[in-house]
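Trainee: Provided below: work_12.csv, containing CSV, C-alpha atoms and all ligand atoms.
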```csv
chain,number,residue,atom,x,y,z
A,8,SER,CA,39.3,29.1,16.3
A,9,TRP,CA,35.7,28.4,15.4
A,10,THR,CA,35.0,25.0,13.9
A,11,THR,CA,31.8,23.0,13.8
A,12,GLY,CA,33.8,20.2,15.5
A,13,ASN,CA,34.7,22.4,18.4
A,14,VAL,CA,31.2,23.7,18.8
A,15,ILE,CA,29.8,20.2,18.9
A,16,GLU,CA,32.4,18.9,21.3
A,17,GLU,CA,31.9,21.9,23.6
A,18,GLN,CA,28.1,21.6,23.6
A,19,VAL,CA,28.1,17.8,24.1
A,20,GLU,CA,30.2,18.2,27.2
A,21,ALA,CA,28.1,21.1,28.6
A,22,ILE,CA,24.8,19.3,28.0
A,23,ARG,CA,26.1,16.1,29.7
A,24,GLU,CA,27.1,18.1,32.7
A,25,GLN,CA,23.9,20.1,32.8
A,26,VAL,CA,21.5,17.1,32.4
A,27,GLY,CA,23.4,14.5,34.5
A,28,ASP,CA,21.2,11.5,34.9
A,29,LYS,CA,17.9,13.4,34.3
A,30,ARG,CA,15.8,13.3,31.1
A,31,ALA,CA,15.0,15.9,28.5
A,32,ILE,CA,12.2,16.5,26.0
A,33,CYS,CA,12.5,18.3,22.6
A,34,GLY,CA,9.8,19.4,20.3
A,35,LEU,CA,10.6,18.9,16.6
A,36,SER,CA,8.9,21.2,14.1
A,37,GLY,CA,10.5,19.9,10.9
A,38,GLY,CA,12.6,23.0,10.8
A,39,VAL,CA,16.4,23.3,10.9
A,40,ASP,CA,16.8,24.7,14.3
A,41,SER,CA,14.9,22.2,16.4
A,42,ALA,CA,16.4,19.3,14.3
A,43,VAL,CA,20.0,20.4,14.9
A,44,ALA,CA,19.3,21.2,18.6
A,45,ALA,CA,17.8,17.7,19.0
A,46,ALA,CA,20.6,16.0,17.2
A,47,LEU,CA,23.2,17.7,19.4
A,48,VAL,CA,21.4,16.8,22.6
A,49,GLN,CA,20.9,13.2,21.3
A,50,LYS,CA,24.7,13.0,20.7
A,51,ALA,CA,25.2,14.1,24.3
A,52,ILE,CA,22.7,12.2,26.3
A,53,GLY,CA,21.3,9.5,23.8
A,54,SER,CA,18.2,7.8,25.1
A,55,GLN,CA,17.8,10.3,28.0
A,56,LEU,CA,16.2,12.5,25.3
A,57,THR,CA,12.7,12.0,23.9
A,58,CYS,CA,11.5,14.1,20.9
A,59,VAL,CA,7.9,15.0,20.2
A,60,TYR,CA,6.6,15.8,16.8
A,61,VAL,CA,3.1,17.1,16.4
A,62,ASP,CA,1.7,16.4,13.0
A,63,HIS,CA,-1.0,19.1,12.6
A,64,GLY,CA,-1.8,18.1,9.1
A,65,LEU,CA,-0.6,21.5,7.7
A,66,MET,CA,2.8,20.3,6.7
A,67,ARG,CA,4.1,20.2,3.2
A,68,LYS,CA,4.3,17.0,1.2
A,69,GLY,CA,6.9,14.5,2.5
A,70,GLU,CA,7.9,16.6,5.5
A,71,THR,CA,6.4,14.5,8.2
A,72,GLU,CA,8.0,11.4,6.7
A,73,GLN,CA,11.3,13.3,6.6
A,74,VAL,CA,11.1,13.7,10.4
A,75,GLU,CA,9.7,10.2,11.1
A,76,LYS,CA,12.1,8.3,8.8
A,77,ASP,CA,15.1,10.3,7.7
A,78,PHE,CA,15.7,12.3,10.9
A,79,VAL,CA,15.3,9.2,13.1
A,80,ALA,CA,17.5,7.1,10.9
A,81,ALA,CA,20.3,9.8,10.9
A,82,THR,CA,20.2,10.4,14.7
A,83,GLY,CA,18.7,7.3,16.3
A,84,VAL,CA,16.5,9.6,18.4
A,85,GLN,CA,13.6,8.4,20.4
A,86,LEU,CA,10.6,10.0,18.8
A,87,LYS,CA,6.9,10.3,19.8
A,88,VAL,CA,4.7,11.4,16.8
A,89,VAL,CA,1.3,12.7,17.6
A,90,ASP,CA,-1.1,12.6,14.7
A,91,ALA,CA,-3.4,15.5,15.4
A,92,GLU,CA,-4.6,16.3,11.9
A,93,GLU,CA,-8.3,15.7,12.6
A,94,ARG,CA,-8.1,17.7,15.8
A,95,PHE,CA,-6.7,20.7,13.9
A,96,LEU,CA,-9.1,20.4,11.0
A,97,LYS,CA,-12.0,20.3,13.4
A,98,ALA,CA,-10.7,23.4,15.3
A,99,LEU,CA,-10.2,25.3,12.0
A,100,ALA,CA,-13.6,24.4,10.5
A,101,GLY,CA,-15.5,27.4,9.3
A,102,VAL,CA,-12.6,29.8,10.1
A,103,SER,CA,-11.3,32.2,7.3
A,104,ASP,CA,-9.8,35.0,9.3
A,105,PRO,CA,-6.0,34.9,9.2
A,106,GLU,CA,-5.4,36.0,12.8
A,107,GLU,CA,-8.1,33.6,14.1
A,108,LYS,CA,-6.5,30.8,12.2
A,109,ARG,CA,-3.1,31.6,13.7
A,110,LYS,CA,-4.5,31.7,17.2
A,111,ILE,CA,-6.3,28.4,16.9
A,112,ILE,CA,-3.3,26.6,15.4
A,113,GLY,CA,-1.0,28.0,18.2
A,114,ARG,CA,-3.5,27.1,20.9
A,115,GLU,CA,-4.1,23.6,19.7
A,116,PHE,CA,-0.4,23.1,19.2
A,117,ILE,CA,0.4,23.9,22.8
A,118,ARG,CA,-2.4,21.7,24.0
A,119,VAL,CA,-1.3,18.7,22.0
A,120,PHE,CA,2.3,19.3,22.9
A,121,GLU,CA,1.5,19.6,26.6
A,122,GLN,CA,-0.5,16.4,26.5
A,123,ALA,CA,2.4,14.6,24.9
A,124,GLN,CA,4.7,16.0,27.6
A,125,ALA,CA,2.4,14.8,30.3
A,126,GLU,CA,2.4,11.3,28.7
A,127,ILE,CA,6.1,11.2,28.6
A,128,ILE,CA,6.4,12.3,32.2
A,129,ALA,CA,3.8,9.6,33.1
A,130,ASP,CA,6.0,7.0,31.4
A,131,GLU,CA,9.4,8.2,32.5
A,132,GLY,CA,8.8,9.8,35.8
A,133,PRO,CA,10.0,13.0,37.5
A,134,ALA,CA,13.5,12.7,36.1
A,135,VAL,CA,12.1,14.7,33.1
A,136,GLU,CA,13.5,18.1,34.0
A,137,PHE,CA,14.7,19.6,30.8
A,138,LEU,CA,13.3,21.1,27.6
A,139,VAL,CA,15.4,21.5,24.5
A,140,GLN,CA,14.9,24.7,22.5
A,141,GLY,CA,16.4,25.6,19.1
A,142,THR,CA,17.0,29.2,20.1
A,143,LEU,CA,19.5,31.0,17.9
A,144,TYR,CA,21.7,34.0,18.6
A,145,PRO,CA,19.4,36.4,16.7
A,146,ASP,CA,16.5,35.2,18.8
A,147,VAL,CA,18.4,35.8,22.0
A,148,VAL,CA,19.3,39.3,21.0
A,149,GLU,CA,15.7,40.0,19.9
A,150,SER,CA,14.1,38.8,23.1
A,151,GLY,CA,16.5,40.6,25.5
A,152,GLY,CA,19.1,38.0,26.1
A,153,GLY,CA,18.0,36.2,29.3
A,154,THR,CA,19.4,32.8,30.1
A,155,GLY,CA,17.6,29.6,31.0
A,156,THR,CA,14.2,31.3,31.0
A,157,ALA,CA,11.2,30.7,28.9
A,158,ASN,CA,11.5,34.1,27.2
A,159,ILE,CA,11.0,32.9,23.6
A,160,LYS,CA,9.0,35.0,21.2
A,161,SER,CA,5.9,32.9,20.8
A,162,HIS,CA,4.5,34.5,17.6
A,163,HIS,CA,7.4,33.1,15.6
A,164,ASN,CA,7.3,29.6,16.9
A,165,VAL,CA,4.1,27.6,16.9
A,166,GLY,CA,5.7,25.5,19.6
A,167,GLY,CA,5.7,28.7,21.7
A,168,LEU,CA,6.0,27.7,25.3
A,169,PRO,CA,3.2,27.9,27.8
A,170,GLU,CA,3.5,30.6,30.3
A,171,ASP,CA,3.7,28.3,33.3
A,172,LEU,CA,6.8,26.5,32.1
A,173,GLU,CA,8.4,24.3,34.7
A,174,PHE,CA,11.2,22.9,32.7
A,175,LYS,CA,14.8,24.0,32.7
A,176,LEU,CA,15.9,25.0,29.2
A,177,ILE,CA,18.7,23.5,27.1
A,178,GLU,CA,19.6,25.9,24.3
A,179,PRO,CA,22.7,24.5,22.5
A,180,LEU,CA,22.4,26.9,19.6
A,181,ARG,CA,22.1,30.2,21.4
A,182,LYS,CA,25.5,31.4,20.3
A,183,LEU,CA,25.0,30.5,16.6
A,184,PHE,CA,23.8,32.1,13.5
A,185,LYS,CA,21.6,30.2,11.0
A,186,ASP,CA,24.4,29.4,8.6
A,187,GLU,CA,26.5,28.0,11.5
A,188,VAL,CA,23.5,25.9,12.6
A,189,ARG,CA,23.3,24.4,9.1
A,190,MET,CA,27.1,23.6,9.3
A,191,VAL,CA,26.7,21.9,12.6
A,192,GLY,CA,23.7,19.9,11.3
A,193,GLN,CA,25.7,18.8,8.3
A,194,GLU,CA,28.6,17.7,10.5
A,195,LEU,CA,26.1,15.8,12.7
A,196,GLY,CA,25.1,13.9,9.6
A,197,LEU,CA,21.5,15.2,9.2
A,198,PRO,CA,19.9,14.8,5.8
A,199,GLU,CA,20.5,17.6,3.3
A,200,GLU,CA,16.7,18.3,2.9
A,201,ILE,CA,16.5,19.1,6.6
A,202,VAL,CA,19.7,21.1,7.0
A,203,GLN,CA,19.1,23.2,3.9
A,204,ARG,CA,15.4,23.7,4.4
A,205,GLN,CA,14.0,27.2,3.7
A,206,PRO,CA,11.9,29.0,6.3
A,207,PHE,CA,8.4,27.7,6.7
A,208,PRO,CA,5.8,29.2,9.1
A,209,GLY,CA,4.8,27.4,12.2
A,210,PRO,CA,1.1,27.5,11.2
A,211,GLY,CA,2.1,25.8,8.0
A,212,LEU,CA,-0.2,25.6,5.0
A,213,GLY,CA,-3.1,26.8,7.2
A,214,ILE,CA,-2.1,30.4,6.5
A,215,ARG,CA,-1.5,29.7,2.8
A,216,ILE,CA,-5.1,29.0,2.0
A,217,VAL,CA,-7.1,32.2,1.6
A,218,GLY,CA,-10.4,31.0,2.9
A,219,GLU,CA,-11.4,28.1,5.1
A,220,VAL,CA,-8.9,25.4,5.7
A,221,THR,CA,-10.2,21.9,4.6
A,222,LYS,CA,-8.5,18.6,4.0
A,223,GLU,CA,-9.3,18.8,0.3
A,224,ARG,CA,-7.8,22.2,-0.1
A,225,LEU,CA,-4.7,21.2,1.9
A,226,ASP,CA,-4.2,18.3,-0.4
A,227,LEU,CA,-4.5,20.6,-3.5
A,228,LEU,CA,-2.1,23.1,-2.1
A,229,ARG,CA,0.3,20.4,-1.0
A,230,GLU,CA,0.5,19.1,-4.6
A,231,ALA,CA,1.0,22.6,-6.1
A,232,ASP,CA,3.7,23.4,-3.5
A,233,ALA,CA,5.5,20.2,-4.1
A,234,ILE,CA,5.6,20.9,-7.9
A,235,ALA,CA,6.9,24.4,-7.3
A,236,ARG,CA,9.6,23.2,-5.0
A,237,GLU,CA,10.6,20.3,-7.3
A,238,GLU,CA,11.1,22.7,-10.3
A,239,LEU,CA,12.9,25.3,-8.3
A,240,THR,CA,15.3,22.6,-7.0
A,241,ALA,CA,15.7,21.1,-10.5
A,242,ALA,CA,16.6,24.6,-11.8
A,243,GLY,CA,19.2,25.0,-9.1
A,244,LEU,CA,17.5,28.0,-7.7
A,245,ASP,CA,17.1,27.0,-4.0
A,246,ARG,CA,20.0,29.1,-2.8
A,247,ASP,CA,19.0,32.1,-4.8
A,248,ILE,CA,15.7,32.6,-3.2
A,249,TRP,CA,14.8,33.0,0.5
A,250,GLN,CA,11.6,31.0,0.2
A,251,CYS,CA,8.7,30.6,-2.2
A,252,PRO,CA,5.3,30.5,-0.5
A,253,VAL,CA,2.6,28.9,-2.7
A,254,VAL,CA,-0.8,30.2,-1.9
A,255,LEU,CA,-4.3,28.8,-2.7
A,256,LEU,CA,-6.9,31.4,-3.3
A,257,ALA,CA,-9.7,29.1,-2.2
A,258,ASP,CA,-12.3,31.9,-1.9
A,259,VAL,CA,-11.6,33.1,-5.5
A,260,ARG,CA,-12.7,31.3,-8.6
A,261,SER,CA,-11.6,31.9,-12.2
A,262,VAL,CA,-12.9,30.7,-15.5
A,263,GLY,CA,-10.7,28.6,-17.7
A,264,VAL,CA,-10.7,26.2,-20.6
A,265,GLN,CA,-9.3,22.7,-20.6
A,266,GLY,CA,-9.7,20.1,-23.4
A,267,ASP,CA,-13.3,20.7,-24.7
A,268,GLY,CA,-14.6,22.2,-21.6
A,269,ARG,CA,-15.0,25.3,-19.5
A,270,THR,CA,-13.5,25.0,-16.1
A,271,TYR,CA,-14.3,27.1,-13.0
A,272,GLY,CA,-11.4,26.6,-10.6
A,273,HIS,CA,-9.1,28.4,-8.3
A,274,PRO,CA,-5.9,30.4,-8.8
A,275,ILE,CA,-2.6,29.5,-7.2
A,276,VAL,CA,-0.2,32.3,-6.3
A,277,LEU,CA,3.6,31.9,-6.5
A,278,ARG,CA,5.4,34.2,-4.0
A,279,PRO,CA,9.2,33.8,-4.6
A,280,VAL,CA,11.2,36.3,-2.5
A,281,SER,CA,14.8,37.1,-1.9
A,282,SER,CA,15.7,38.5,1.5
A,283,GLU,CA,18.5,38.6,4.1
A,284,ASP,CA,16.5,38.3,7.2
A,285,ALA,CA,12.7,38.3,6.2
A,286,MET,CA,12.3,41.8,7.7
A,287,THR,CA,12.4,43.2,4.2
A,288,ALA,CA,12.2,41.3,0.9
A,289,ASP,CA,12.1,41.7,-2.8
A,290,TRP,CA,10.2,39.6,-5.2
A,291,SER,CA,12.6,37.2,-7.0
A,292,ARG,CA,13.1,37.7,-10.8
A,293,LEU,CA,12.8,34.0,-11.6
A,294,PRO,CA,13.6,32.8,-15.1
A,295,TYR,CA,10.5,32.8,-17.3
A,296,ASP,CA,11.1,29.2,-18.4
A,297,VAL,CA,11.1,28.0,-14.8
A,298,LEU,CA,7.9,29.9,-14.1
A,299,ALA,CA,6.4,28.5,-17.3
A,300,LYS,CA,7.2,24.9,-16.3
A,301,ILE,CA,5.7,25.4,-12.8
A,302,SER,CA,2.6,26.9,-14.2
A,303,THR,CA,2.1,24.2,-16.9
A,304,ARG,CA,2.6,21.4,-14.4
A,305,ILE,CA,0.4,22.9,-11.7
A,306,THR,CA,-2.5,23.5,-14.0
A,307,ASN,CA,-2.1,20.1,-15.6
A,308,GLU,CA,-1.5,18.1,-12.5
A,309,VAL,CA,-3.5,19.7,-9.7
A,310,ARG,CA,-7.3,19.2,-9.9
A,311,ASP,CA,-9.4,22.4,-9.6
A,312,VAL,CA,-6.5,24.7,-10.2
A,313,ASN,CA,-6.8,26.5,-13.6
A,314,ARG,CA,-4.6,29.5,-13.2
A,315,VAL,CA,-1.2,30.4,-11.8
A,316,VAL,CA,-0.3,34.0,-10.9
A,317,LEU,CA,2.9,35.6,-9.8
A,318,ASP,CA,3.2,38.0,-6.8
A,319,VAL,CA,5.4,40.9,-7.7
A,320,THR,CA,5.2,42.8,-4.5
A,321,SER,CA,8.1,43.7,-2.3
A,322,LYS,CA,8.0,43.7,1.5
A,323,PRO,CA,7.1,46.3,2.6
A,324,PRO,CA,4.3,46.8,1.7
A,325,GLY,CA,3.4,43.2,1.2
A,326,THR,CA,4.4,40.6,3.8
A,327,ILE,CA,6.1,37.4,2.6
A,328,GLU,CA,3.1,35.3,3.6
A,329,TRP,CA,-0.4,36.2,2.5
A,330,GLU,CA,-1.9,35.8,5.9
A,401,LIG,P1,6.0,37.7,6.9
A,401,LIG,O1,4.8,37.1,6.3
A,401,LIG,O2,5.7,38.4,8.2
A,401,LIG,O3,7.0,36.6,7.2
A,401,LIG,O4,6.7,38.7,6.0
A,401,LIG,C1,8.3,36.7,7.6
A,401,LIG,C2,9.0,35.4,7.8
A,401,LIG,O5,8.4,34.7,8.9
A,401,LIG,C3,7.8,33.5,8.5
A,401,LIG,N1,6.6,33.4,9.3
A,401,LIG,C4,6.5,32.6,10.4
A,401,LIG,N2,7.3,31.7,11.0
A,401,LIG,N3,5.7,31.2,12.6
A,401,LIG,C5,6.9,31.0,12.1
A,401,LIG,O6,7.7,30.2,12.6
A,401,LIG,C6,4.8,32.1,12.1
A,401,LIG,O7,3.7,32.2,12.6
A,401,LIG,C7,5.2,32.8,10.9
A,401,LIG,N4,4.6,33.7,10.1
A,401,LIG,C8,5.4,34.0,9.1
A,401,LIG,C9,7.6,33.6,7.0
A,401,LIG,O8,7.5,32.4,6.3
A,401,LIG,C10,8.7,34.4,6.6
A,401,LIG,O9,9.9,33.6,6.4
```
Now, as a test, write the supplied structure out as structure tokens.

Mentor:
Amino acid sequence: SWTTGNVIEEQVEAIREQVGDKRAICGLSGGVDSAVAAALVQKAIGSQLTCVYVDHGLMRKGETEQVEKDFVAATGVQLKVVDAEERFLKALAGVSDPEEKRKIIGREFIRVFEQAQAEIIADEGPAVEFLVQGTLYPDVVESGGGTGTANIKSHHNVGGLPEDLEFKLIEPLRKLFKDEVRMVGQELGLPEEIVQRQPFPGPGLGIRIVGEVTKERLDLLREADAIAREELTAAGLDRDIWQCPVVLLADVRSVGVQGDGRTYGHPIVLRPVSSEDAMTADWSRLPYDVLAKISTRITNEVRDVNRVVLDVTSKPPGTIEWE
């Protein structure tokens, strides 16, 4: 019968056999899938695995620290962190078009990741033969079900593989559904915040700023997003919603009043949705008192934000993300 213990044992054995005395690389995104895949492979082959985490500066508050500290503490994994914030900001300067932003972020990500790979190979030699992917069963079905190939839908994963992939793939989660992956992660002792993390797009906060992406705007959005997440968690609503994007309308200004003065700031949009699979979604009917608390805190605590609005559009016609 299916137990997380069986799955772990089975995979650990299979990975050991597959890898032998060679070495493997795994990209960590901060998400559940790559974290659980890496933890499993780490359990199997220990220091023969090196993980790479590209910090593109578009992460939410505390997420990079979660990977750098909590994930490493829980797994003992060997981790290479690449701080690429400046590079991404530079590449994104002056760009407002959503598709262009996505392309730039995807392209830069692959470049930085490949560079890190090359450095690891330079350090560790030609024994680096394997790449770990957090492919789940629904991904396998969606992409036609090949084995051991690089056939991963790249639009959904900012770590999308380069075309000329030369690694053999290790995909320890390819028979599992999301809830099973979470159970395996829990069994492996990963922190709750990582195992229960809600979906977050690869391009990160870069596609939650309507307008140009700047460091200052990212910092504002990070604060507002952290407040919304904090209050949703405090209200015990994390499991009731699929996710709640928080969007900064940086190209829009609205008049407000604060203390004795007129303000001219930006609106923040809350986009809480319920969904089974993100293909369709409905806007979540959050309790008014929770919305009120989020609104009050964001307008009080986040500089330059003087208005909070609620997105009440289902998908379709609206997508979950604004860009
Ligand atoms: P949309 O906006 O298309 O989003 O309704 C559906 C789900 O996918 C997530 N999303 C992404 N995830 N890379 C990802 O890994 C992406 O580029 C990306 N774009 C959207 C979104 O957060 C939602 O859960």

Trainee: What does the distance from CA of Lys322 (chain A) to CA of Ala288 (chain A) come to in Å, to one decimal?

Mentor: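 Interatomic distance here is 4.9 Å.
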
Trainee: Between CA of Gly64 (chain A) and CA of Ala235 (chain A), what distance in Å does the model show, to one decimal?

Mentor: 19.6 Å

Trainee: Check the smallest atom-to-atom distance from each of A:Ile305, A:Ala31, A:Ala231, A:Ala81 to Gly192 (chain A) using all atoms listed in the file, then report the winner.

Mentor: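 Under the stated criterion, the closest residue is A:Ala81.
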
Trainee: Hey, which bits of chain A sit within 10 Å of ligand LIG 401 (chain A), and for each residue what's the closest pair of atoms and how far apart in Å (one decimal), counting all atoms listed in the file, rows by chain and increasing number, as a tab-separated table?

Mentor:
```
residue	atom	partner	partner_atom	distance
A:Ser36	CA	A:LIG401	O6	9.2
A:Gly38	CA	A:LIG401	O6	8.9
A:Glu106	CA	A:LIG401	O7	9.9
A:Arg109	CA	A:LIG401	O7	6.9
A:Lys110	CA	A:LIG401	O7	9.4
A:Ile112	CA	A:LIG401	O7	9.4
A:Gly113	CA	A:LIG401	O7	8.4
A:Lys160	CA	A:LIG401	O6	9.9
A:Ser161	CA	A:LIG401	N3	8.4
A:His162	CA	A:LIG401	O7	5.6
A:His163	CA	A:LIG401	N3	3.9
A:Asn164	CA	A:LIG401	O6	4.4
A:Val165	CA	A:LIG401	N3	5.8
A:Gly166	CA	A:LIG401	O6	8.7
A:Gly167	CA	A:LIG401	N3	9.4
A:Gln205	CA	A:LIG401	O9	8.1
A:Pro206	CA	A:LIG401	O9	5.0
A:Phe207	CA	A:LIG401	O8	4.8
A:Pro208	CA	A:LIG401	N2	3.5
A:Gly209	CA	A:LIG401	N3	3.9
A:Pro210	CA	A:LIG401	O7	5.6
A:Gly211	CA	A:LIG401	N3	8.0
A:Ile214	CA	A:LIG401	N4	8.3
A:Trp249	CA	A:LIG401	O9	7.7
A:Gln250	CA	A:LIG401	O9	6.9
A:Cys251	CA	A:LIG401	O8	8.8
A:Pro252	CA	A:LIG401	O8	7.4
A:Val280	CA	A:LIG401	O9	9.4
A:Ser282	CA	A:LIG401	O9	9.0
A:Asp284	CA	A:LIG401	C2	8.1
A:Ala285	CA	A:LIG401	C1	4.9
A:Met286	CA	A:LIG401	C1	6.5
A:Thr287	CA	A:LIG401	O4	7.5
A:Ala288	CA	A:LIG401	O4	7.9
A:Ser321	CA	A:LIG401	O4	9.8
A:Lys322	CA	A:LIG401	O4	6.9
A:Pro323	CA	A:LIG401	O4	8.3
A:Pro324	CA	A:LIG401	O4	9.5
A:Gly325	CA	A:LIG401	O4	7.4
A:Thr326	CA	A:LIG401	O4	3.7
A:Ile327	CA	A:LIG401	O4	3.7
A:Glu328	CA	A:LIG401	O1	3.7
A:Trp329	CA	A:LIG401	O1	6.5
A:Glu330	CA	A:LIG401	O1	6.8
```

Trainee: What lies within 10 Å of region 172-180 of chain A using only C-alpha atoms, ignoring chain neighbours under 6 positions off, as a PyMOL selection string?

Mentor: chain A and resi 14-15+17-19+21-22+25-26+31-33+40-41+43-45+47-48+135-144+154-157+187-188+191

Trainee: Please write the residues from the selection above to a file, keeping C-alpha atoms, as a compact mmCIF listing (two decimals), in the frame of the given file.

Mentor:
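Final output, again_21.txt:
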```
# COMPACT_ATOMS: atom_id res chain seq x y z
CA VAL A 14 31.20 23.70 18.80
CA ILE A 15 29.80 20.20 18.90
CA GLU A 17 31.90 21.90 23.60
CA GLN A 18 28.10 21.60 23.60
CA VAL A 19 28.10 17.80 24.10
CA ALA A 21 28.10 21.10 28.60
CA ILE A 22 24.80 19.30 28.00
CA GLN A 25 23.90 20.10 32.80
CA VAL A 26 21.50 17.10 32.40
CA ALA A 31 15.00 15.90 28.50
CA ILE A 32 12.20 16.50 26.00
CA CYS A 33 12.50 18.30 22.60
CA ASP A 40 16.80 24.70 14.30
CA SER A 41 14.90 22.20 16.40
CA VAL A 43 20.00 20.40 14.90
CA ALA A 44 19.30 21.20 18.60
CA ALA A 45 17.80 17.70 19.00
CA LEU A 47 23.20 17.70 19.40
CA VAL A 48 21.40 16.80 22.60
CA VAL A 135 12.10 14.70 33.10
CA GLU A 136 13.50 18.10 34.00
CA PHE A 137 14.70 19.60 30.80
CA LEU A 138 13.30 21.10 27.60
CA VAL A 139 15.40 21.50 24.50
CA GLN A 140 14.90 24.70 22.50
CA GLY A 141 16.40 25.60 19.10
CA THR A 142 17.00 29.20 20.10
CA LEU A 143 19.50 31.00 17.90
CA TYR A 144 21.70 34.00 18.60
CA THR A 154 19.40 32.80 30.10
CA GLY A 155 17.60 29.60 31.00
CA THR A 156 14.20 31.30 31.00
CA ALA A 157 11.20 30.70 28.90
CA GLU A 187 26.50 28.00 11.50
CA VAL A 188 23.50 25.90 12.60
CA VAL A 191 26.70 21.90 12.60
```

Trainee: From the options A:Arg181, A:Asp186, A:Val253, A:Thr320, which residue's atoms come nearest to Glu149 (chain A), counting all atoms listed in the file?

Mentor: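 Between A:Arg181, A:Asp186, A:Val253, A:Thr320, the residue approaching Glu149 (chain A) most closely is A:Arg181.
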
Trainee: Taking into account only C-alpha atoms, which residue in the set A:Glu194, A:Asp267, A:Glu238, A:Asp232 is nearest to Asp296 (chain A)?

Mentor: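 Result for the nearest residue to Asp296 (chain A): A:Glu238.
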
Trainee: Which of these residues is nearest to Asn313 (chain A), using only C-alpha atoms: A:Ile127, A:Gly272, A:Trp290, A:Leu277?

Mentor: A:Gly272

Trainee: Tell me, in Å to one decimal, how far CA of Ala100 (chain A) is from CA of Thr221 (chain A).

Mentor: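 Going from CA of Ala100 (chain A) over to CA of Thr221 (chain A), I get 7.3 Å.
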
Trainee: Go through A:Ile248, A:Leu227, A:Leu183, A:Leu212 and flag the residue nearest Glu308 (chain A), using all atoms listed in the file for the distances.

Mentor: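 Using all atoms listed in the file, Glu308 (chain A) sits closest to A:Leu227.
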
Trainee: I'd like the neighbourhood of Gln85 (chain A) as a ChimeraX atom specification, where a residue qualifies if any of its atoms comes within 8 Å (using only C-alpha atoms), though same-chain residues fewer than 2 positions away should be ignored.

Mentor: /A:54,56-58,79,83,87

Trainee: Rank A:Gly263, A:Gly101, A:Pro198, A:Gly12 by their smallest atom-to-atom distance to Phe78 (chain A), using only C-alpha atoms, and report the top residue only.

Mentor: A:Pro198
